[in-house]
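Here is the file input01.tsv (TSV, C-alpha atoms and all ligand atoms).
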```tsv
chain	number	residue	atom	x	y	z
A	221	MET	CA	24.47	-2.09	23.94
A	222	ASN	CA	25.87	-4.64	26.43
A	223	SER	CA	29.25	-6.25	25.81
A	224	SER	CA	28.00	-9.64	24.54
A	225	ASN	CA	25.73	-7.90	22.02
A	226	LYS	CA	28.69	-5.77	20.94
A	227	ILE	CA	30.93	-8.81	20.44
A	228	LEU	CA	28.26	-10.64	18.39
A	229	THR	CA	27.54	-7.55	16.32
A	230	GLU	CA	31.21	-6.86	15.59
A	231	LYS	CA	31.81	-10.50	14.72
A	232	PHE	CA	29.04	-10.79	12.16
A	233	ILE	CA	28.13	-7.32	10.94
A	234	ASN	CA	30.22	-4.70	9.18
A	235	GLU	CA	28.88	-1.43	10.55
A	236	ASN	CA	31.58	0.47	8.71
A	237	THR	CA	30.72	-0.13	5.06
A	238	PRO	CA	32.29	2.00	2.32
A	239	ILE	CA	30.76	5.01	0.62
A	240	GLN	CA	31.26	4.73	-3.14
A	241	ALA	CA	31.22	7.66	-5.56
A	242	ILE	CA	29.32	7.05	-8.77
A	243	SER	CA	30.80	8.44	-11.93
A	244	GLY	CA	29.10	8.28	-15.33
A	245	LEU	CA	28.25	10.91	-17.88
A	246	LEU	CA	24.77	11.78	-16.66
A	247	ILE	CA	25.99	12.56	-13.15
A	248	LYS	CA	29.07	14.40	-14.40
A	249	ASN	CA	27.15	16.53	-16.89
A	250	ALA	CA	24.60	17.52	-14.27
A	251	GLY	CA	27.43	18.74	-12.02
A	252	VAL	CA	26.15	16.77	-9.03
A	253	LYS	CA	27.89	14.19	-6.88
A	254	LEU	CA	26.24	10.82	-6.23
A	255	LEU	CA	27.48	8.71	-3.34
A	256	VAL	CA	26.28	5.24	-2.35
A	257	LYS	CA	26.46	3.99	1.21
A	258	ARG	CA	27.10	0.31	0.55
A	259	GLU	CA	24.89	-1.31	3.18
A	260	ASP	CA	24.48	-4.23	0.82
A	261	LEU	CA	27.93	-5.16	2.17
A	262	ASN	CA	27.16	-5.07	5.91
A	263	ASN	CA	26.21	-8.74	6.07
A	264	GLN	CA	25.35	-11.22	3.33
A	265	TYR	CA	22.20	-12.45	5.09
A	266	ILE	CA	20.93	-9.61	7.28
A	267	SER	CA	21.77	-7.06	4.66
A	268	GLY	CA	21.15	-3.35	4.33
A	269	ASN	CA	18.41	-1.69	6.33
A	270	LYS	CA	17.37	-5.12	7.63
A	271	TRP	CA	20.22	-5.19	10.10
A	272	TYR	CA	19.52	-1.74	11.49
A	273	LYS	CA	15.81	-2.49	11.76
A	274	LEU	CA	16.40	-5.78	13.56
A	275	LYS	CA	19.32	-4.74	15.76
A	276	TYR	CA	17.48	-3.23	18.74
A	277	ASN	CA	14.62	-5.71	18.40
A	278	LEU	CA	17.14	-8.53	18.87
A	279	PHE	CA	18.71	-6.82	21.87
A	280	GLU	CA	15.28	-6.15	23.37
A	281	ALA	CA	14.18	-9.77	22.88
A	282	LYS	CA	17.37	-11.02	24.51
A	283	LYS	CA	17.13	-8.55	27.40
A	284	ASN	CA	13.59	-9.70	28.16
A	285	GLY	CA	14.48	-13.39	28.09
A	286	PHE	CA	12.66	-14.43	24.89
A	287	ASP	CA	14.12	-17.37	23.02
A	288	THR	CA	11.77	-17.15	20.03
A	289	LEU	CA	11.13	-14.43	17.43
A	290	LEU	CA	7.88	-14.38	15.47
A	291	THR	CA	7.37	-12.18	12.46
A	292	PHE	CA	5.31	-11.71	9.30
A	293	GLY	CA	5.94	-11.39	5.58
A	294	GLY	CA	5.30	-12.45	2.00
A	295	ALA	CA	6.89	-15.55	0.51
A	296	TYR	CA	9.77	-13.54	-1.02
A	297	SER	CA	10.24	-11.15	1.89
A	298	ASN	CA	13.73	-9.79	2.61
A	299	HIS	CA	12.62	-9.34	6.20
A	300	ILE	CA	11.66	-13.02	6.62
A	301	TYR	CA	15.01	-14.02	5.13
A	302	ALA	CA	16.93	-11.64	7.41
A	303	THR	CA	15.01	-12.60	10.56
A	304	ALA	CA	15.66	-16.29	9.93
A	305	ALA	CA	19.39	-15.53	9.52
A	306	ALA	CA	19.43	-13.30	12.60
A	307	GLY	CA	17.78	-16.08	14.62
A	308	LYS	CA	20.48	-18.51	13.56
A	309	ILE	CA	23.34	-16.07	14.25
A	310	PHE	CA	22.01	-14.61	17.51
A	311	GLY	CA	20.56	-17.84	18.94
A	312	PHE	CA	16.76	-17.46	18.65
A	313	LYS	CA	14.16	-19.89	17.35
A	314	THR	CA	12.20	-18.18	14.58
A	315	ILE	CA	8.63	-18.41	13.32
A	316	GLY	CA	7.55	-16.85	10.05
A	317	ILE	CA	3.87	-16.10	9.50
A	318	ILE	CA	3.66	-16.19	5.73
A	319	ARG	CA	1.02	-14.49	3.57
A	320	GLY	CA	-0.75	-16.96	1.25
A	321	GLU	CA	-0.66	-20.70	0.78
A	322	GLU	CA	2.25	-23.04	1.12
A	323	HIS	CA	3.99	-23.84	-2.18
A	324	LEU	CA	6.37	-26.76	-2.40
A	325	PRO	CA	9.18	-26.94	-3.11
A	326	LEU	CA	9.89	-23.80	-1.12
A	327	ASN	CA	11.11	-20.79	-3.11
A	328	PRO	CA	14.75	-19.65	-2.53
A	329	THR	CA	13.77	-17.14	0.20
A	330	LEU	CA	11.75	-19.57	2.29
A	331	GLY	CA	14.15	-22.42	1.47
A	332	PHE	CA	16.97	-20.40	3.03
A	333	ALA	CA	14.80	-19.43	6.02
A	334	ALA	CA	13.89	-23.09	6.59
A	335	LYS	CA	17.59	-24.02	6.49
A	336	CYS	CA	18.17	-21.43	9.22
A	337	GLY	CA	15.56	-23.30	11.27
A	338	MET	CA	12.54	-21.03	10.75
A	339	ASN	CA	9.13	-22.62	11.24
A	340	PHE	CA	6.34	-21.41	8.96
A	341	TYR	CA	2.66	-20.80	9.54
A	342	TYR	CA	0.63	-19.80	6.48
A	343	LEU	CA	-2.30	-17.38	6.55
A	344	ASP	CA	-4.67	-16.82	3.65
A	345	ARG	CA	-4.65	-13.23	2.39
A	346	LYS	CA	-7.83	-12.25	4.23
A	347	SER	CA	-6.64	-13.57	7.60
A	348	TYR	CA	-3.21	-12.05	6.95
A	349	ARG	CA	-4.78	-8.59	6.83
A	350	GLN	CA	-5.91	-9.23	10.46
A	351	LYS	CA	-2.52	-10.56	11.51
A	352	TYR	CA	-2.17	-8.46	14.67
A	353	ASN	CA	-5.57	-9.55	15.93
A	354	VAL	CA	-5.38	-10.62	19.61
A	355	GLU	CA	-7.22	-13.90	19.01
A	356	LEU	CA	-4.80	-14.92	16.30
A	357	LEU	CA	-1.78	-13.97	18.42
A	358	ASN	CA	-3.18	-16.01	21.31
A	359	LYS	CA	-3.69	-18.95	18.99
A	360	LEU	CA	-0.08	-18.61	17.84
A	361	ARG	CA	1.08	-18.46	21.47
A	362	LYS	CA	-0.79	-21.68	22.21
A	363	LYS	CA	0.84	-23.34	19.22
A	364	PHE	CA	4.41	-22.01	19.52
A	365	GLY	CA	4.75	-20.81	23.14
A	366	GLU	CA	5.81	-17.29	24.15
A	367	PHE	CA	7.54	-15.20	21.48
A	368	TYR	CA	8.91	-11.74	20.82
A	369	MET	CA	6.81	-10.31	18.00
A	370	ILE	CA	8.42	-8.23	15.27
A	371	PRO	CA	5.89	-6.56	12.94
A	372	GLU	CA	5.83	-7.02	9.16
A	373	GLY	CA	8.90	-5.54	7.49
A	374	GLY	CA	10.52	-5.26	10.93
A	375	THR	CA	9.10	-1.78	11.31
A	376	ASN	CA	8.57	-0.47	14.85
A	377	ALA	CA	10.14	2.04	17.26
A	378	PHE	CA	13.24	-0.16	17.74
A	379	ALA	CA	13.74	-0.27	13.97
A	380	VAL	CA	13.55	3.52	13.79
A	381	LYS	CA	16.09	3.75	16.64
A	382	GLY	CA	18.53	1.44	14.81
A	383	VAL	CA	18.30	3.32	11.52
A	384	LYS	CA	18.60	6.69	13.29
A	385	GLU	CA	21.79	5.55	15.03
A	386	PHE	CA	23.25	4.25	11.75
A	387	ILE	CA	22.52	7.48	9.89
A	388	SER	CA	23.84	9.75	12.63
A	389	LYS	CA	27.25	8.00	12.37
A	390	ILE	CA	27.68	8.78	8.65
A	391	ASN	CA	30.41	11.37	8.49
A	392	VAL	CA	30.43	12.48	4.90
A	393	GLN	CA	29.06	15.78	3.61
A	394	TYR	CA	25.77	15.57	1.65
A	395	ASP	CA	22.77	17.73	0.72
A	396	TYR	CA	20.26	14.96	-0.05
A	397	ILE	CA	19.91	11.51	1.46
A	398	CYS	CA	17.72	8.95	-0.32
A	399	CYS	CA	16.22	5.54	0.41
A	400	PRO	CA	13.53	3.27	-1.03
A	401	CYS	CA	10.31	3.07	1.03
A	402	GLY	CA	8.02	0.13	1.74
A	403	THR	CA	6.54	0.55	5.23
A	404	GLY	CA	8.47	3.80	5.80
A	405	GLY	CA	10.38	2.61	8.88
A	406	THR	CA	13.76	3.21	7.26
A	407	LEU	CA	12.77	6.67	6.07
A	408	ALA	CA	11.52	7.59	9.55
A	409	GLY	CA	14.89	6.57	11.04
A	410	ILE	CA	16.78	8.56	8.42
A	411	ILE	CA	14.69	11.66	9.10
A	412	LYS	CA	15.43	11.37	12.82
A	413	GLY	CA	19.13	10.73	12.21
A	414	THR	CA	19.87	13.68	9.94
A	415	ASN	CA	19.97	17.33	10.82
A	416	LYS	CA	17.19	19.43	9.35
A	417	GLU	CA	19.42	21.30	6.89
A	418	LYS	CA	19.66	18.14	4.79
A	419	GLN	CA	16.91	17.05	2.43
A	420	VAL	CA	15.59	13.51	2.93
A	421	LEU	CA	13.95	11.85	-0.03
A	422	GLY	CA	12.15	8.51	0.08
A	423	PHE	CA	11.11	6.68	-3.08
A	424	SER	CA	7.89	4.77	-2.66
A	425	VAL	CA	7.97	1.31	-4.22
A	426	LEU	CA	4.21	0.97	-3.75
A	427	LYS	CA	1.35	2.60	-5.57
A	428	GLY	CA	-1.06	4.85	-3.69
A	429	GLY	CA	1.32	5.96	-1.00
A	430	ASP	CA	-0.80	8.48	0.98
A	431	PHE	CA	-0.88	6.06	3.90
A	432	LEU	CA	2.92	6.00	3.75
A	433	ARG	CA	3.34	9.66	4.73
A	434	LYS	CA	1.02	9.15	7.70
A	435	ASN	CA	2.92	5.99	8.68
A	436	VAL	CA	6.23	7.82	8.57
A	437	GLU	CA	4.86	10.72	10.64
A	438	ASP	CA	3.56	8.28	13.26
A	439	LEU	CA	6.85	6.39	13.36
A	440	ILE	CA	8.82	9.60	13.77
A	441	GLY	CA	6.60	10.57	16.69
A	442	GLU	CA	8.31	13.86	17.54
A	443	LYS	CA	6.28	16.62	15.91
A	444	GLU	CA	9.35	18.73	15.29
A	445	TYR	CA	10.63	16.11	12.83
A	446	ALA	CA	7.31	14.70	11.60
A	447	LYS	CA	6.10	18.08	10.39
A	448	SER	CA	9.49	19.30	9.21
A	449	LYS	CA	9.64	20.38	5.57
A	450	ASN	CA	13.03	18.77	4.93
A	451	TRP	CA	11.64	15.38	3.92
A	452	ASP	CA	9.40	14.08	1.21
A	453	ILE	CA	8.23	10.85	-0.43
A	454	ASN	CA	8.45	10.67	-4.21
A	455	PRO	CA	5.52	8.65	-5.61
A	456	ASP	CA	6.64	8.54	-9.29
A	457	TYR	CA	8.89	5.50	-9.53
A	458	HIS	CA	6.87	2.49	-8.33
A	459	PHE	CA	6.55	1.12	-11.90
A	460	GLY	CA	2.92	0.14	-11.36
A	461	GLY	CA	3.14	-1.12	-7.79
A	462	TYR	CA	4.94	-3.43	-5.42
A	463	ALA	CA	7.22	-5.91	-7.27
A	464	LYS	CA	5.95	-4.62	-10.63
A	465	ILE	CA	8.82	-4.28	-13.09
A	466	ASN	CA	9.40	-3.59	-16.79
A	467	SER	CA	12.20	-3.70	-19.34
A	468	ARG	CA	13.23	-0.07	-18.75
A	469	LEU	CA	13.91	-0.83	-15.11
A	470	ILE	CA	15.75	-4.07	-15.88
A	471	ASP	CA	17.91	-2.34	-18.53
A	472	PHE	CA	18.74	0.40	-16.05
A	473	ILE	CA	19.76	-2.11	-13.37
A	474	ASP	CA	21.97	-4.01	-15.83
A	475	ARG	CA	23.67	-0.82	-16.99
A	476	PHE	CA	24.13	0.44	-13.43
A	477	ALA	CA	25.76	-2.86	-12.42
A	478	LYS	CA	28.13	-2.78	-15.41
A	479	GLU	CA	29.16	0.85	-14.93
A	480	ASN	CA	29.53	0.86	-11.17
A	481	ASN	CA	30.03	-2.75	-10.16
A	482	ILE	CA	27.06	-2.47	-7.78
A	483	SER	CA	24.17	-4.94	-7.94
A	484	LEU	CA	20.62	-3.69	-7.46
A	485	GLU	CA	17.35	-5.62	-7.28
A	486	PRO	CA	14.20	-4.40	-9.02
A	487	ILE	CA	11.83	-4.17	-6.03
A	488	TYR	CA	13.55	-1.52	-3.90
A	489	THR	CA	17.03	-0.26	-4.77
A	490	GLY	CA	16.53	-0.49	-8.56
A	491	LYS	CA	13.48	1.77	-8.35
A	492	MET	CA	15.23	4.26	-6.07
A	493	PHE	CA	18.32	4.60	-8.28
A	494	TYR	CA	16.16	4.83	-11.41
A	495	GLY	CA	14.27	7.65	-9.68
A	496	ILE	CA	17.47	9.44	-8.64
A	497	TYR	CA	18.89	9.26	-12.20
A	498	ASP	CA	15.63	10.50	-13.67
A	499	LEU	CA	15.49	13.42	-11.22
A	500	VAL	CA	19.13	14.26	-12.03
A	501	LEU	CA	18.19	14.28	-15.72
A	502	LYS	CA	15.23	16.55	-15.01
A	503	GLY	CA	17.41	19.03	-13.13
A	504	HIS	CA	15.84	18.41	-9.73
A	505	PHE	CA	19.22	18.74	-7.99
A	506	LYS	CA	21.33	21.90	-8.20
A	507	LYS	CA	24.87	21.93	-9.58
A	508	GLY	CA	27.37	21.22	-6.83
A	509	GLU	CA	24.91	19.29	-4.66
A	510	THR	CA	25.75	15.90	-3.20
A	511	ILE	CA	23.22	13.09	-3.11
A	512	LEU	CA	23.84	10.22	-0.71
A	513	ALA	CA	21.84	7.10	-1.60
A	514	ILE	CA	21.50	4.28	0.91
A	515	HIS	CA	21.87	0.88	-0.72
A	516	THR	CA	19.39	-1.00	1.45
A	517	GLY	CA	20.57	-4.47	0.35
A	518	GLY	CA	17.91	-7.12	-0.28
A	519	LEU	CA	19.80	-8.76	-3.14
A	520	GLN	CA	18.46	-12.16	-2.10
A	521	GLY	CA	15.21	-11.02	-3.75
A	522	LEU	CA	16.89	-11.24	-7.17
A	523	GLU	CA	16.72	-15.03	-7.07
A	524	GLY	CA	12.93	-14.96	-6.68
A	525	MET	CA	12.58	-12.45	-9.56
A	526	LYS	CA	14.83	-14.41	-11.94
A	527	GLU	CA	12.05	-15.98	-14.00
A	528	LYS	CA	10.11	-12.72	-14.28
A	529	ILE	CA	13.25	-10.84	-15.38
A	530	LYS	CA	14.05	-13.55	-17.94
A	531	ARG	CA	10.52	-13.35	-19.40
A	532	ILE	CA	10.81	-9.56	-19.74
A	533	LYS	CA	14.17	-9.86	-21.50
A	534	VAL	CA	12.93	-12.58	-23.86
A	535	SER	CA	9.78	-10.66	-24.77
A	536	LYS	CA	11.91	-7.57	-25.49
A	537	VAL	CA	14.05	-9.57	-27.92
A	538	ILE	CA	10.98	-11.08	-29.62
A	539	ASN	CA	9.15	-7.79	-29.97
B	601	LIG	C1	15.96	-3.92	0.33
B	601	LIG	C2	14.92	-3.08	0.98
B	601	LIG	N1	14.99	-1.75	0.83
B	601	LIG	C3	14.07	-0.93	1.38
B	601	LIG	C4	13.00	-1.43	2.09
B	601	LIG	C5	11.98	-0.48	2.64
B	601	LIG	O1	12.10	-0.38	4.00
B	601	LIG	P1	10.88	0.15	4.88
B	601	LIG	O2	9.88	-0.95	4.96
B	601	LIG	O3	11.51	0.43	6.18
B	601	LIG	O4	10.33	1.33	4.21
B	601	LIG	C6	12.88	-2.80	2.27
B	601	LIG	C7	11.73	-3.30	3.03
B	601	LIG	O5	11.52	-4.24	3.52
B	601	LIG	C8	13.85	-3.65	1.70
B	601	LIG	O6	13.78	-4.98	1.83
```

Please express what this file holds, its structure, as structure tokens.
Amino acid sequence: MNSSNKILTEKFINENTPIQAISGLLIKNAGVKLLVKREDLNNQYISGNKWYKLKYNLFEAKKNGFDTLLTFGGAYSNHIYATAAAGKIFGFKTIGIIRGEEHLPLNPTLGFAAKCGMNFYYLDRKSYRQKYNVELLNKLRKKFGEFYMIPEGGTNAFAVKGVKEFISKINVQYDYICCPCGTGGTLAGIIKGTNKEKQVLGFSVLKGGDFLRKNVEDLIGEKEYAKSKNWDINPDYHFGGYAKINSRLIDFIDRFAKENNISLEPIYTGKMFYGIYDLVLKGHFKKGETILAIHTGGLQGLEGMKEKIKRIKVSKVIN
């Protein structure tokens, strides 16, 4: 990292967030220790894994003289939100290629991104599936000029490098390390950043995650880690698929926040912690073992889920 990157990073990002021990009867009775690495506190806007996934992409863009970042995501994407904020903080123009049609007024995620100066370009769902198509990228270059492209979710080799570096600096003892998985970039970085005596457990937030394992193996690259038996992806806590939620999950998140003073959102971290608690209950972890869960941030997503959460709570009261 060169010195100007270091100064900017230290000014805006807390790379030394606390590790919080979770108490509570379930954890105590099981005889395990649950620790949370509070990456939700590293930066309000580029929170959690988003910072570590963007970090080396930002440095790379700067090093190669790009003044514009272009990336992809859904209308409620944490990654779009974080990239817009990173552009504002680190001095890049930003372009967000958004899946689906434009809806006005903009939702809270895109409203924030627009305030940070992000320009949007909407793609219908079919075209979005072809988003890395050369013709489309050329068309975007004609429209916006040269840009540094960051893939959907920020996942690429630079993201894996950033997460690996972050994980390798954690100096607390643990047996298991857990994270929620979307594209698998964060999990790949964690696998590369831990030594192989630790168990790494990803919780898929999407249904039908076979592709995810392959993705993670590809992102890891080195066969020694990709084929290692010390990591796994749990497919049992997606609650029906991406952004699907129910009253059990919402109750859990509310209780968790009250007991531990830690906010979760229902798309990623809520599902992971629900999964960890359920596995503790089922005796998956041995007495005396320590589980380290990475809070991957993304709390901005709560705003976009507010109405859905309210409807679930109301229907629970009525029924
Ligand atoms: C808050 C949060 N946690 C976890 C993830 C999953 O990260 P990955 O896509 O690297 O698997 C995301 C993905 O965007 C996220 O926003």

Please report as a tab-separated table every residue of chain A lying within 6 Å of ligand LIG 601 (chain B), along with the nearest atom pair and their distance in Å (one decimal), using all atoms listed in the file.
```
residue	atom	partner	partner_atom	distance
A:Asn298	CA	B:LIG601	O6	4.9
A:His299	CA	B:LIG601	O5	5.9
A:Gly373	CA	B:LIG601	O5	4.9
A:Pro400	CA	B:LIG601	C3	4.9
A:Cys401	CA	B:LIG601	O4	3.6
A:Gly402	CA	B:LIG601	O4	3.6
A:Thr403	CA	B:LIG601	O2	3.7
A:Gly404	CA	B:LIG601	O4	3.5
A:Gly405	CA	B:LIG601	O3	3.6
A:Thr406	CA	B:LIG601	O3	3.7
A:Tyr488	CA	B:LIG601	N1	4.9
A:Thr516	CA	B:LIG601	N1	4.5
A:Gly517	CA	B:LIG601	C1	4.6
A:Gly518	CA	B:LIG601	C1	3.8
```

Problem set entry | Nearest to Asp498 in chain A by atom-to-atom distance, counting only C-alpha atoms, from A:Asp474, A:Lys335, A:Gln520, A:Ala250 |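 Going through A:Asp474, A:Lys335, A:Gln520, A:Ala250 one by one, the smallest distance to Asp498 in chain A is for A:Ala250.
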
Hey, can I get the axis-aligned box for range 335-341 of chain A? All listed atoms, 5 Å padding on each side, centre and edge lengths in Å to one decimal, as JSON.
```
{"center_x": 10.4, "center_y": -22.4, "center_z": 8.9, "size_x": 25.5, "size_y": 13.2, "size_z": 14.8}
```

Problem set entry | Pairwise distance for CA of Leu330 in chain A and CA of Tyr301 in chain A, rounded to one decimal in Å |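 It comes out at 7.0 Å.
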
For this session: Do a neighbour search on Gln240 in chain A at 10 Å with all atoms listed in the file, toss out local chain neighbours closer than 6 positions, and write the hits as JSON, numbers by chain.
Result: {"A": [254, 255, 256, 257, 258, 480, 482, 512, 513]}

Who sits within 9 Å of range 409-411 of chain A, all atoms listed in the file, same chain under 5 positions skipped, as a short mmCIF file (atom, residue, chain, number, x, y, z; two decimals) with C-alpha atoms, in the frame of the given file:
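Once written, out_1.cif looks like this:
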```cif
data_model
loop_
_atom_site.label_atom_id
_atom_site.label_comp_id
_atom_site.auth_asym_id
_atom_site.auth_seq_id
_atom_site.Cartn_x
_atom_site.Cartn_y
_atom_site.Cartn_z
CA ALA A 379 13.74 -0.27 13.97
CA VAL A 380 13.55 3.52 13.79
CA LYS A 381 16.09 3.75 16.64
CA GLY A 382 18.53 1.44 14.81
CA VAL A 383 18.30 3.32 11.52
CA LYS A 384 18.60 6.69 13.29
CA GLU A 385 21.79 5.55 15.03
CA PHE A 386 23.25 4.25 11.75
CA ILE A 387 22.52 7.48 9.89
CA SER A 388 23.84 9.75 12.63
CA ILE A 397 19.91 11.51 1.46
CA CYS A 398 17.72 8.95 -0.32
CA CYS A 399 16.22 5.54 0.41
CA GLY A 404 8.47 3.80 5.80
CA LYS A 416 17.19 19.43 9.35
CA GLN A 419 16.91 17.05 2.43
CA VAL A 420 15.59 13.51 2.93
CA LEU A 439 6.85 6.39 13.36
CA ILE A 440 8.82 9.60 13.77
CA TYR A 445 10.63 16.11 12.83
CA ALA A 446 7.31 14.70 11.60
CA ASN A 450 13.03 18.77 4.93
CA TRP A 451 11.64 15.38 3.92
#
```

For this session: For Tyr368 in chain A, work out the shell of residues within 10 Å, counting all atoms listed in the file and skipping chain neighbours fewer than 3 positions away, then give it as a VMD selection string.
Result: chain A and resid 277 to 278 280 to 282 284 to 291 312 314 371

Exercise. So what do you get for CA of Asn263 in chain A versus CA of Tyr296 in chain A, distance-wise?
Worked result: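 So the answer is 18.5 Å.
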
Exercise. Looking at only C-alpha atoms, which of A:Leu407, A:Ser347, A:Phe310, A:Lys536 is the one that sits closest to Arg433 in chain A?
Worked result: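 For Arg433 in chain A, the nearest of the given residues is A:Leu407.
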
Exercise. Taking only C-alpha atoms into account, which of A:Ser297, A:Asn249, A:Asn353, A:Asn454 comes nearest Phe332 in chain A?
Worked result: A:Ser297
